[in-house]
Number of protein chains: 2
Amino acid sequence: MDAVDELLSIRAAELYYEANLTQEEIGRSLQITRWKVGRLLTQAKEEGFVRIEILHSRARRPQLERRLRDERGLTDAVVVSRAGVRSEDELHQRVAQAAADYLTGLRPGPRVLGVSWGRTLSDIAHNLREGWSSGTDVVQINGGVSMSQRPGTAAATAVSIAQKGGGAAALLPSPAILEQRATKEAIEADRVVARVLDAARSANAYLFSAGAADHGSVHVDSGYLTTADIDRLVEAGAVGDVIGRYIGADGRIVDHDLDARTVGLSLDDLRTADIAIAAISGAPKRGVASAMVASGLCTVLVTDESTAQHLLGE
Amino acid sequence: MDAVDELLSIRAAELYYEANLTQEEIGRSLQITRWKVGRLLTQAKEEGFVRIEILHSRARRPQLERRLRDERGLTDAVVVSRAGVRSEDELHQRVAQAAADYLTGLRPGPRVLGVSWGRTLSDIAHNLREGWSSGTDVVQINGGVSMSQRPGTAAATAVSIAQKGGGAAALLPSPAILEQRATKEAIEADRVVARVLDAARSANAYLFSAGAADHGSVHVDSGYLTTADIDRLVEAGAVGDVIGRYIGADGRIVDHDLDARTVGLSLDDLRTADIAIAAISGAPKRGVASAMVASGLCTVLVTDESTAQHLLGE
DNA sequence: CGGCCCGATGCTCATCTGAGCAAAGTCTGT
DNA sequence: ACAGACTTTGCTCAGATGAGCATCGGGCCG
């Protein structure tokens with residue numbers, strides 16, 4: 001496109017999109033035929049001079065969603081728009097809201113829903129509306145008695161989701177990670193725990209997030225791991241954790257001993273699930289999001305625009 | 001609009017603007033008729049959920065230009081877009097470029113053009129392309145031998161505009177403001193100066209900017225005024241200066257003694273001109289821009305989006 | 001309970017718009 | 001200068017769209 005046409009296409013785009021003239025009128029005003037105007041507008045779009053944004057907290061990016069489904073083999077994807085987002089926290093909220101919306105819109109609604117816990121899940125529970133389902137029981141799928149910061153949030157999350165969905169919550173009364181393998185096995189052998197885990201394995205759908213392998217991890221916060229543990233895991237190739245289990249970029253367990261001390265469903269339980277909804281947002285979690293999608297840990301991904309673009313190779 | 005329609009209108013807008021579906025297809029996908037889709041899109045636009053921006057350094061805002069013409073009685077207006085502008089300086093450059101474009105596009109091209117000097121005028125001169133006019137002589141309309149920072153810039157501006165336009169420059173060899181009224185009168189009585197001023201009064205068009213009444217003024221920089229002088233002027237109601245003459249919000253001269261010591265055309269010379277092009281941008285100059293437009297100091301205003309909105313009462 | 005009013009819905013029709021095509025114009029290499 | 005390749009321009013026509021209108025339905029008051 002030469003310089004004259006470039007300027008003309010800008011003038012045409014202004015008159016078309018801002019002044020709401022028809023192409024015919026623009027042609028008259030710029031002394032060109034309406035066909036030329038149409039072509040100039042097409043060029044302006046192609047050259048990226050025209051940016052159209054949907055400004056709304058629930059705005060999504062259907063194009064990216066389609067590409068995620070087609071190119072990454074997901075059953076479904078929800079990508080929230082970054083347009084107009086001022087803080088990282090606002091983005092997390094948008095993703096949580098979108099996940100809540102997705103869950104609410106599931107048909108048929110799940111009879112039993114398996115959930116993990118953490119900041120994201122808590123946000124999702126918060127964003128679910130009262131009566132989002134007509135009877136969904138909730139089961140925790142991984143251990144997690146929060147040991148320091150906000151005790152009971154893991155339980156509160158499951159209970160809140162169940163209560164708002166007119167169902168009951170089954171809690172997993174166990175720490176996320178134990179110090180001894182034997183202790184973990186003893187706990188899983190416990191009648192109550194075993195029953196919950198069985199229920200979890202037979203859930204119709206799963207909803208979970210993932211954590212980045214960094215010092216801000218909820219596992220460090222909760223006292224299950226030390227920052228030194230995290231450093232060792234990163235050294236070994238860990239990119240983050242999914243329901244408490246640390247994986248590498250290929251989605252494989254990084255530390256088998258640690259994994260054997262972690263209470264809850266296995267990653268393969270998620271991989272064989274019909275509906276496994278993962279909600280992840282924020283730049284630090286890009287690595288684990290990528291690993292998760294690549295290794296088939298979820299069938300549905302709810303995420304933000306930037307993460308989606310990263311997953312699709314920028 | 002109720003909550004359901006709001007969400008629907010967002011979905012419709014996404015599919016229409018991002019996924020490029022037809023309203024018919026959107027209707028099928030959202031289970032509504034295509035007429036409803038059309039109405040939802042209209043609503044989305046009305047509610048401001050859809051933002052369309054033209055991203056280009058030469059992008060303008062025709063709507064604001066029209067309102068400035070209609071509501072502020074200007075013959076013409078050029079409003080450059082703020083979209084995608086990262087720095088204040090970039091905005092100044094856009095306005096300077098727009099002023100240069102406007103000047104280049106004037107038909108018939110002015111035989112004699114009266115110009116002021118300063119940062120903005122220098123930028124405009126820089127942005128004019130070689131051969132912008134086929135023969136335009138340039139006359140300085142106010143005094144201004146830069147005394148400190150960049151000596152000769154005032155002259156360089158006029159010479160550059162004239163040279164690129166295939167004409168000659170007539171310089172006004174005088175300071176902007178003199179210390180004694182008598183000296184000013186003596187200078188204006190000088191044959192050379194008087195001849196230039198006569199030529200300036202008979203120019204076909206004028207191009208000038210304005211300065212804010214603050215310590216960053218080019219008059220302080222050049223040593224014609226002290227910061228204390230500025231403070232006194234502000235105290236007396238000055239909002240800025242036009243061709244060296246300080247005016248209040250009503251466009252009237254603030255300090256008649258100072259004015260009588262200022263060399264150059266009078267403000268009424270500008271007010272009676274056929275074509276008086278003012279180029280102003282930046283938040284600090286809003287006050288003087290407003291005064292200028294309100295008191296008819298220019299027939300054409302070249303400015304930025306924010307200033308234009310301010311002039312139209314937000 | 002029935003009639004009335006107002007907003008929502010579905011439709012007709014005229015206009016707007018983009019795809020595709022043929023003619024005109026432009027640029028190359030010989 | 002000219003033939004051929006390629007680009008640009010103006011046009012036809014079918015599909016997309018918005019304005020305006022008749023109808024429907026739900027709430028409200030008598």
# chains A, B, ... in the order shown; residues from 1 in each chain; ligands from 1
$ closest_atom_pairs --of "chain B" --to "chain D" --cutoff "12 Å" --atoms "only C-alpha atoms (C1' of nucleotides)" --output "Markdown table"
| residue | atom | partner | partner_atom | distance |
| --- | --- | --- | --- | --- |
| B:Leu21 | CA | D:DA16 | C1' | 10.8 |
| B:Thr22 | CA | D:DA16 | C1' | 7.3 |
| B:Gln23 | CA | D:DA16 | C1' | 8.0 |
| B:Glu24 | CA | D:DA16 | C1' | 8.6 |
| B:Glu25 | CA | D:DA16 | C1' | 11.0 |
| B:Arg34 | CA | D:DT17 | C1' | 9.8 |
| B:Trp35 | CA | D:DG18 | C1' | 9.3 |
| B:Lys36 | CA | D:DG18 | C1' | 11.8 |
| B:Val37 | CA | D:DT17 | C1' | 11.0 |
| B:Gly38 | CA | D:DG18 | C1' | 8.1 |
| B:Arg39 | CA | D:DG18 | C1' | 9.4 |
| B:Leu41 | CA | D:DG18 | C1' | 11.4 |
| B:Thr42 | CA | D:DG18 | C1' | 10.0 |
$ write_last_selection --atoms "C-alpha atoms" --output "compact mmCIF listing (two decimals), in the first residue's frame"
# COMPACT_ATOMS: atom_id res chain seq x y z
CA LEU B 21 -19.73 -14.10 11.74
CA THR B 22 -22.81 -12.66 10.07
CA GLN B 23 -25.73 -11.66 12.26
CA GLU B 24 -27.61 -14.63 10.83
CA GLU B 25 -24.87 -17.05 11.98
CA ARG B 34 -30.99 -12.19 13.41
CA TRP B 35 -33.04 -9.09 14.17
CA LYS B 36 -32.46 -9.54 17.84
CA VAL B 37 -28.75 -9.90 17.08
CA GLY B 38 -28.83 -6.62 15.20
CA ARG B 39 -30.53 -4.92 18.13
CA LEU B 41 -25.17 -5.07 18.55
CA THR B 42 -26.76 -1.63 18.47
$ residues_around --residues "region 192-194 of chain A" --least-positions-apart "4" --cutoff "10 Å" --atoms "only C-alpha atoms (C1' of nucleotides)" --output "ChimeraX atom specification"
/A:143,170-174,186-188,198-200,263-264
$ interface_residues --of "chain C" --to "chain A" --cutoff "12 Å" --atoms "only C-alpha atoms (C1' of nucleotides)" --output "PDB file with C-alpha atoms (C1' of nucleotides), in the first residue's frame"
ATOM      1  C1'  DT C  15     -30.169   0.162   1.247  1.00  0.00           C
ATOM      2  C1'  DC C  16     -25.520  -1.095   2.086  1.00  0.00           C
ATOM      3  C1'  DT C  17     -21.698  -4.033   1.321  1.00  0.00           C
ATOM      4  C1'  DG C  18     -18.281  -7.523  -0.244  1.00  0.00           C
ATOM      5  C1'  DA C  19     -17.015 -11.240  -3.649  1.00  0.00           C
TER       6       DA C  19
END
$ atom_distance --atom1 "CA of Leu233 (chain A)" --atom2 "CA of Asp255 (chain A)"
7.3 Å
$ atom_distance --atom1 "CA of Ile247 (chain B)" --atom2 "CA of Thr183 (chain B)"
22.6 Å
$ closest_residue --among "A:Ile54, A:Leu8, A:Val80, A:Ala3" --to "chain B" --atoms "only C-alpha atoms"
A:Ile54
$ closest_atom_pairs --of "chain A" --to "chain B" --cutoff "10 Å" --atoms "only C-alpha atoms" --output "CSV"
residue,atom,partner,partner_atom,distance
A:Glu6,CA,B:His56,CA,9.7
A:Leu7,CA,B:Arg58,CA,7.5
A:Ile10,CA,B:Ala59,CA,6.3
A:Arg11,CA,B:Ala59,CA,7.5
A:Ala13,CA,B:Ile54,CA,7.2
A:Glu14,CA,B:Pro62,CA,6.7
A:Leu15,CA,B:Pro62,CA,6.9
A:Tyr17,CA,B:Ile52,CA,7.0
A:Glu18,CA,B:Gln63,CA,6.7
A:Ala19,CA,B:Gln63,CA,5.8
A:Asn20,CA,B:Gln63,CA,9.5
A:Ala44,CA,B:Ile54,CA,8.9
A:Lys45,CA,B:Ile54,CA,9.5
A:Glu47,CA,B:Leu55,CA,10.0
A:Gly48,CA,B:Leu55,CA,7.6
A:Phe49,CA,B:Leu55,CA,4.7
A:Val50,CA,B:Ile54,CA,4.7
A:Arg51,CA,B:Glu53,CA,5.1
A:Ile52,CA,B:Ile52,CA,4.5
A:Glu53,CA,B:Arg51,CA,5.2
A:Ile54,CA,B:Val50,CA,4.7
A:Leu55,CA,B:Phe49,CA,4.8
A:His56,CA,B:Phe49,CA,6.1
A:Ser57,CA,B:Ile10,CA,9.8
A:Arg58,CA,B:Leu7,CA,7.6
A:Ala59,CA,B:Ile10,CA,6.3
A:Arg60,CA,B:Glu14,CA,6.9
A:Arg61,CA,B:Glu14,CA,6.9
A:Pro62,CA,B:Ala19,CA,6.4
A:Gln63,CA,B:Ala19,CA,5.8
A:Leu64,CA,B:Ala19,CA,9.5
A:Arg66,CA,B:Ala19,CA,9.4
A:Ala83,CA,B:Arg51,CA,9.9
$ residues_around --residues "Ser281 (chain A)" --least-positions-apart "2" --cutoff "12 Å" --atoms "only C-alpha atoms (C1' of nucleotides)" --output "compact mmCIF listing (two decimals) with N, CA and C atoms, in the first residue's frame"
# COMPACT_ATOMS: atom_id res chain seq x y z
N VAL A 78 -12.35 -21.32 27.33
CA VAL A 78 -12.90 -20.00 27.61
C VAL A 78 -11.73 -19.07 27.82
N VAL A 79 -11.63 -18.04 26.97
CA VAL A 79 -10.53 -17.09 27.08
C VAL A 79 -11.11 -15.72 27.38
N VAL A 80 -10.79 -15.16 28.53
CA VAL A 80 -11.33 -13.84 28.86
C VAL A 80 -10.41 -12.76 28.31
N SER A 81 -11.04 -11.65 27.93
CA SER A 81 -10.32 -10.54 27.32
C SER A 81 -9.52 -9.76 28.36
N ARG A 82 -8.40 -9.24 27.91
CA ARG A 82 -7.56 -8.41 28.77
C ARG A 82 -7.93 -6.93 28.62
N GLU A 88 -3.59 -7.17 37.79
CA GLU A 88 -3.49 -8.62 37.68
C GLU A 88 -4.66 -9.26 38.42
N ASP A 89 -5.02 -8.66 39.55
CA ASP A 89 -6.10 -9.23 40.34
C ASP A 89 -7.42 -9.19 39.59
N GLU A 90 -7.64 -8.09 38.85
CA GLU A 90 -8.87 -7.98 38.07
C GLU A 90 -8.94 -9.12 37.06
N LEU A 91 -7.80 -9.46 36.49
CA LEU A 91 -7.76 -10.54 35.51
C LEU A 91 -8.13 -11.87 36.17
N HIS A 92 -7.55 -12.11 37.36
CA HIS A 92 -7.89 -13.35 38.08
C HIS A 92 -9.39 -13.42 38.34
N GLN A 93 -9.96 -12.29 38.72
CA GLN A 93 -11.39 -12.28 38.99
C GLN A 93 -12.20 -12.60 37.74
N ARG A 94 -11.75 -12.03 36.61
CA ARG A 94 -12.47 -12.30 35.36
C ARG A 94 -12.43 -13.78 35.02
N VAL A 95 -11.26 -14.39 35.21
CA VAL A 95 -11.14 -15.81 34.90
C VAL A 95 -12.00 -16.63 35.86
N ALA A 96 -11.98 -16.25 37.14
CA ALA A 96 -12.80 -16.97 38.13
C ALA A 96 -14.28 -16.85 37.76
N GLN A 97 -14.68 -15.65 37.37
CA GLN A 97 -16.07 -15.44 36.99
C GLN A 97 -16.41 -16.30 35.77
N ALA A 98 -15.50 -16.34 34.82
CA ALA A 98 -15.74 -17.11 33.60
C ALA A 98 -15.85 -18.60 33.92
N ALA A 99 -15.02 -19.06 34.83
CA ALA A 99 -15.08 -20.47 35.22
C ALA A 99 -16.41 -20.76 35.91
N ARG A 119 -6.38 -20.36 45.89
CA ARG A 119 -6.85 -19.01 45.67
C ARG A 119 -7.89 -18.94 44.54
N THR A 120 -7.55 -19.57 43.43
CA THR A 120 -8.44 -19.52 42.27
C THR A 120 -9.78 -20.19 42.57
N LEU A 121 -9.71 -21.38 43.19
CA LEU A 121 -10.96 -22.09 43.48
C LEU A 121 -11.84 -21.29 44.43
N SER A 209 -7.36 -25.84 39.59
CA SER A 209 -6.44 -24.85 39.04
C SER A 209 -5.05 -25.47 39.02
N ALA A 210 -4.04 -24.68 39.07
CA ALA A 210 -2.67 -25.19 39.13
C ALA A 210 -1.84 -24.10 39.77
N GLY A 211 -0.70 -24.47 40.30
CA GLY A 211 0.16 -23.48 40.94
C GLY A 211 1.49 -23.41 40.21
N ALA A 212 2.10 -22.25 40.22
CA ALA A 212 3.42 -22.11 39.63
C ALA A 212 4.44 -22.68 40.62
N ALA A 278 -9.95 -26.79 33.94
CA ALA A 278 -8.84 -26.12 34.60
C ALA A 278 -8.99 -24.62 34.42
N ALA A 279 -8.83 -23.89 35.51
CA ALA A 279 -8.90 -22.42 35.46
C ALA A 279 -7.54 -21.88 35.87
N ALA A 283 0.79 -14.53 34.24
CA ALA A 283 2.03 -14.88 33.57
C ALA A 283 2.84 -15.96 34.29
N PRO A 284 2.94 -15.95 35.63
CA PRO A 284 3.78 -16.96 36.28
C PRO A 284 3.28 -18.39 36.05
N LYS A 285 2.02 -18.52 35.70
CA LYS A 285 1.48 -19.86 35.55
C LYS A 285 1.47 -20.35 34.10
N ARG A 286 2.07 -19.57 33.21
CA ARG A 286 2.08 -19.97 31.81
C ARG A 286 2.73 -21.33 31.62
N GLY A 287 3.86 -21.53 32.31
CA GLY A 287 4.58 -22.79 32.14
C GLY A 287 3.73 -23.98 32.51
N VAL A 288 3.10 -23.92 33.68
CA VAL A 288 2.31 -25.06 34.12
C VAL A 288 1.05 -25.21 33.26
N ALA A 289 0.51 -24.09 32.79
CA ALA A 289 -0.66 -24.17 31.92
C ALA A 289 -0.29 -24.91 30.65
N SER A 290 0.85 -24.56 30.11
CA SER A 290 1.31 -25.20 28.89
C SER A 290 1.50 -26.71 29.09
N LEU A 301 -10.30 -25.59 29.29
CA LEU A 301 -9.39 -24.62 29.89
C LEU A 301 -10.06 -23.26 29.97
N VAL A 302 -10.03 -22.67 31.16
CA VAL A 302 -10.52 -21.31 31.34
C VAL A 302 -9.32 -20.46 31.68
N THR A 303 -9.03 -19.48 30.83
CA THR A 303 -7.80 -18.71 31.08
C THR A 303 -7.92 -17.30 30.52
N ASP A 304 -6.83 -16.55 30.62
CA ASP A 304 -6.84 -15.18 30.10
C ASP A 304 -6.17 -15.15 28.73
N GLU A 305 -6.40 -14.04 28.06
CA GLU A 305 -5.92 -13.81 26.70
C GLU A 305 -4.41 -14.02 26.55
N SER A 306 -3.63 -13.47 27.48
CA SER A 306 -2.17 -13.57 27.35
C SER A 306 -1.72 -15.01 27.46
N THR A 307 -2.27 -15.72 28.44
CA THR A 307 -1.90 -17.12 28.62
C THR A 307 -2.29 -17.92 27.38
N ALA A 308 -3.48 -17.66 26.87
CA ALA A 308 -3.95 -18.36 25.67
C ALA A 308 -2.98 -18.13 24.51
N GLN A 309 -2.57 -16.88 24.34
CA GLN A 309 -1.64 -16.58 23.24
C GLN A 309 -0.33 -17.31 23.44
N HIS A 310 0.11 -17.39 24.69
CA HIS A 310 1.34 -18.11 24.97
C HIS A 310 1.20 -19.59 24.59
N LEU A 311 0.06 -20.17 24.96
CA LEU A 311 -0.17 -21.58 24.65
C LEU A 311 -0.18 -21.84 23.15
$ select_by_dssp --residues "region 19-184 of chain B" --states "strand (DSSP E)" --output "list of chain:residue names"
B:Val50, B:Arg51, B:Ile52, B:Glu53, B:Ile54, B:Asp76, B:Ala77, B:Val78, B:Val79, B:Val80, B:Val112, B:Leu113, B:Gly114, B:Val115, B:Asp137, B:Val138, B:Val139, B:Gln140, B:Ala169, B:Ala170
$ write_last_selection --atoms "C-alpha atoms" --output "PDB file, in the first residue's frame"
ATOM      1  CA  VAL B  50     -17.566  -1.770  21.776  1.00  0.00           C
ATOM      2  CA  ARG B  51     -14.571   0.501  21.338  1.00  0.00           C
ATOM      3  CA  ILE B  52     -13.253   1.113  17.861  1.00  0.00           C
ATOM      4  CA  GLU B  53      -9.942   2.910  17.605  1.00  0.00           C
ATOM      5  CA  ILE B  54      -7.997   3.994  14.565  1.00  0.00           C
ATOM      6  CA  ASP B  76     -12.225  24.317  10.411  1.00  0.00           C
ATOM      7  CA  ALA B  77     -10.744  22.041  13.031  1.00  0.00           C
ATOM      8  CA  VAL B  78      -8.229  19.219  13.045  1.00  0.00           C
ATOM      9  CA  VAL B  79      -8.265  16.932  16.072  1.00  0.00           C
ATOM     10  CA  VAL B  80      -5.590  14.254  16.247  1.00  0.00           C
ATOM     11  CA  VAL B 112       2.056  35.188   2.110  1.00  0.00           C
ATOM     12  CA  LEU B 113       1.964  33.341   5.403  1.00  0.00           C
ATOM     13  CA  GLY B 114       2.437  35.048   8.760  1.00  0.00           C
ATOM     14  CA  VAL B 115       4.030  32.864  11.418  1.00  0.00           C
ATOM     15  CA  ASP B 137       6.524  33.829   1.273  1.00  0.00           C
ATOM     16  CA  VAL B 138       6.767  33.763   5.048  1.00  0.00           C
ATOM     17  CA  VAL B 139       6.635  36.743   7.407  1.00  0.00           C
ATOM     18  CA  GLN B 140       7.250  36.715  11.124  1.00  0.00           C
ATOM     19  CA  ALA B 169      11.283  34.685   4.570  1.00  0.00           C
ATOM     20  CA  ALA B 170      10.901  38.152   6.052  1.00  0.00           C
TER      21      ALA B 170
END
$ select_by_dssp --residues "region 219-258 of chain B" --states "alpha helix (DSSP H)" --output "mmCIF file with N, CA and C atoms, in the first residue's frame"
data_model
loop_
_atom_site.group_PDB
_atom_site.id
_atom_site.type_symbol
_atom_site.label_atom_id
_atom_site.label_comp_id
_atom_site.auth_asym_id
_atom_site.auth_seq_id
_atom_site.Cartn_x
_atom_site.Cartn_y
_atom_site.Cartn_z
ATOM 1 N N HIS B 219 9.028 32.411 27.043
ATOM 2 C CA HIS B 219 9.450 33.780 27.357
ATOM 3 C C HIS B 219 10.377 33.808 28.550
ATOM 4 N N VAL B 220 10.164 32.897 29.489
ATOM 5 C CA VAL B 220 11.061 32.789 30.639
ATOM 6 C C VAL B 220 12.386 32.214 30.143
ATOM 7 N N ASP B 221 12.274 31.147 29.383
ATOM 8 C CA ASP B 221 13.431 30.499 28.772
ATOM 9 C C ASP B 221 14.308 31.492 28.023
ATOM 10 N N THR B 227 10.214 34.452 36.223
ATOM 11 C CA THR B 227 9.139 33.639 36.785
ATOM 12 C C THR B 227 8.238 34.511 37.657
ATOM 13 N N ALA B 228 8.843 35.569 38.254
ATOM 14 C CA ALA B 228 8.035 36.481 39.061
ATOM 15 C C ALA B 228 7.032 37.222 38.181
ATOM 16 N N ASP B 229 7.481 37.621 36.979
ATOM 17 C CA ASP B 229 6.568 38.287 36.032
ATOM 18 C C ASP B 229 5.385 37.370 35.743
ATOM 19 N N ILE B 230 5.693 36.094 35.492
ATOM 20 C CA ILE B 230 4.640 35.123 35.170
ATOM 21 C C ILE B 230 3.658 35.032 36.333
ATOM 22 N N ASP B 231 4.212 34.912 37.542
ATOM 23 C CA ASP B 231 3.345 34.814 38.718
ATOM 24 C C ASP B 231 2.414 36.015 38.801
ATOM 25 N N ARG B 232 2.950 37.194 38.517
ATOM 26 C CA ARG B 232 2.135 38.405 38.560
ATOM 27 C C ARG B 232 1.024 38.348 37.508
ATOM 28 N N LEU B 233 1.386 37.877 36.309
ATOM 29 C CA LEU B 233 0.398 37.782 35.234
ATOM 30 C C LEU B 233 -0.715 36.796 35.596
ATOM 31 N N VAL B 234 -0.299 35.657 36.159
ATOM 32 C CA VAL B 234 -1.300 34.659 36.540
ATOM 33 C C VAL B 234 -2.233 35.253 37.587
ATOM 34 N N GLU B 235 -1.623 35.962 38.520
ATOM 35 C CA GLU B 235 -2.394 36.640 39.570
ATOM 36 C C GLU B 235 -3.457 37.535 38.933
ATOM 37 N N HIS B 256 -1.841 45.831 30.170
ATOM 38 C CA HIS B 256 -1.716 46.713 29.016
ATOM 39 C C HIS B 256 -0.351 47.324 28.871
ATOM 40 N N ASP B 257 0.337 47.531 29.992
ATOM 41 C CA ASP B 257 1.682 48.087 29.888
ATOM 42 C C ASP B 257 2.604 47.069 29.230
ATOM 43 N N LEU B 258 2.519 45.827 29.712
ATOM 44 C CA LEU B 258 3.346 44.767 29.117
ATOM 45 C C LEU B 258 3.023 44.657 27.627
#
$ residues_around --residues "Glu179 (chain B)" --least-positions-apart "6" --cutoff "10 Å" --atoms "only C-alpha atoms (C1' of nucleotides)" --output "ChimeraX atom specification"
/B:224-225,258,261-262
$ write_last_selection --atoms "N, CA and C atoms" --output "mmCIF file, in the first residue's frame"
data_model
loop_
_atom_site.group_PDB
_atom_site.id
_atom_site.type_symbol
_atom_site.label_atom_id
_atom_site.label_comp_id
_atom_site.auth_asym_id
_atom_site.auth_seq_id
_atom_site.Cartn_x
_atom_site.Cartn_y
_atom_site.Cartn_z
ATOM 1 N N TYR B 224 12.898 37.020 28.363
ATOM 2 C CA TYR B 224 12.081 38.230 28.238
ATOM 3 C C TYR B 224 11.277 38.489 29.501
ATOM 4 N N LEU B 225 10.919 37.418 30.185
ATOM 5 C CA LEU B 225 10.144 37.555 31.425
ATOM 6 C C LEU B 225 10.801 36.713 32.513
ATOM 7 N N LEU B 258 2.519 45.827 29.712
ATOM 8 C CA LEU B 258 3.346 44.767 29.117
ATOM 9 C C LEU B 258 3.023 44.657 27.627
ATOM 10 N N ARG B 261 4.631 46.944 25.355
ATOM 11 C CA ARG B 261 6.076 46.726 25.170
ATOM 12 C C ARG B 261 6.354 45.474 24.325
ATOM 13 N N THR B 262 5.279 44.883 23.802
ATOM 14 C CA THR B 262 5.420 43.653 23.027
ATOM 15 C C THR B 262 5.362 43.959 21.540
#
$ atom_distance --atom1 "C1' of DC21 (chain C)" --atom2 "CA of Leu30 (chain A)"
25.6 Å
$ residues_around --residues "Ser116 (chain A)" --least-positions-apart "6" --cutoff "7 Å" --atoms "only C-alpha atoms (C1' of nucleotides)" --output "ChimeraX atom specification"
/A:140-142,207-208,243
$ write_last_selection --atoms "N, CA and C atoms" --output "PDB file, in the first residue's frame"
ATOM      1  N   GLN A 140     -13.878 -33.082  47.499  1.00  0.00           N
ATOM      2  CA  GLN A 140     -12.498 -32.598  47.371  1.00  0.00           C
ATOM      3  C   GLN A 140     -11.664 -33.690  46.726  1.00  0.00           C
ATOM      4  N   ILE A 141     -10.775 -33.306  45.826  1.00  0.00           N
ATOM      5  CA  ILE A 141      -9.990 -34.329  45.122  1.00  0.00           C
ATOM      6  C   ILE A 141      -8.540 -34.375  45.567  1.00  0.00           C
ATOM      7  N   ASN A 142      -8.139 -33.438  46.380  1.00  0.00           N
ATOM      8  CA  ASN A 142      -6.775 -33.527  46.917  1.00  0.00           C
ATOM      9  C   ASN A 142      -6.743 -32.984  48.346  1.00  0.00           C
ATOM     10  N   LEU A 207     -13.065 -29.717  38.672  1.00  0.00           N
ATOM     11  CA  LEU A 207     -12.733 -28.297  38.543  1.00  0.00           C
ATOM     12  C   LEU A 207     -11.501 -28.033  39.394  1.00  0.00           C
ATOM     13  N   PHE A 208     -10.459 -27.554  38.782  1.00  0.00           N
ATOM     14  CA  PHE A 208      -9.222 -27.339  39.528  1.00  0.00           C
ATOM     15  C   PHE A 208      -8.385 -26.255  38.873  1.00  0.00           C
ATOM     16  N   ILE A 243      -3.281 -30.242  41.374  1.00  0.00           N
ATOM     17  CA  ILE A 243      -3.788 -30.920  42.575  1.00  0.00           C
ATOM     18  C   ILE A 243      -2.645 -31.464  43.435  1.00  0.00           C
TER      19      ILE A 243
END
$ closest_residue --among "B:Ala158, B:Asp241, B:Thr104, B:Asp274" --to "Trp117 (chain B)" --atoms "only C-alpha atoms"
B:Ala158
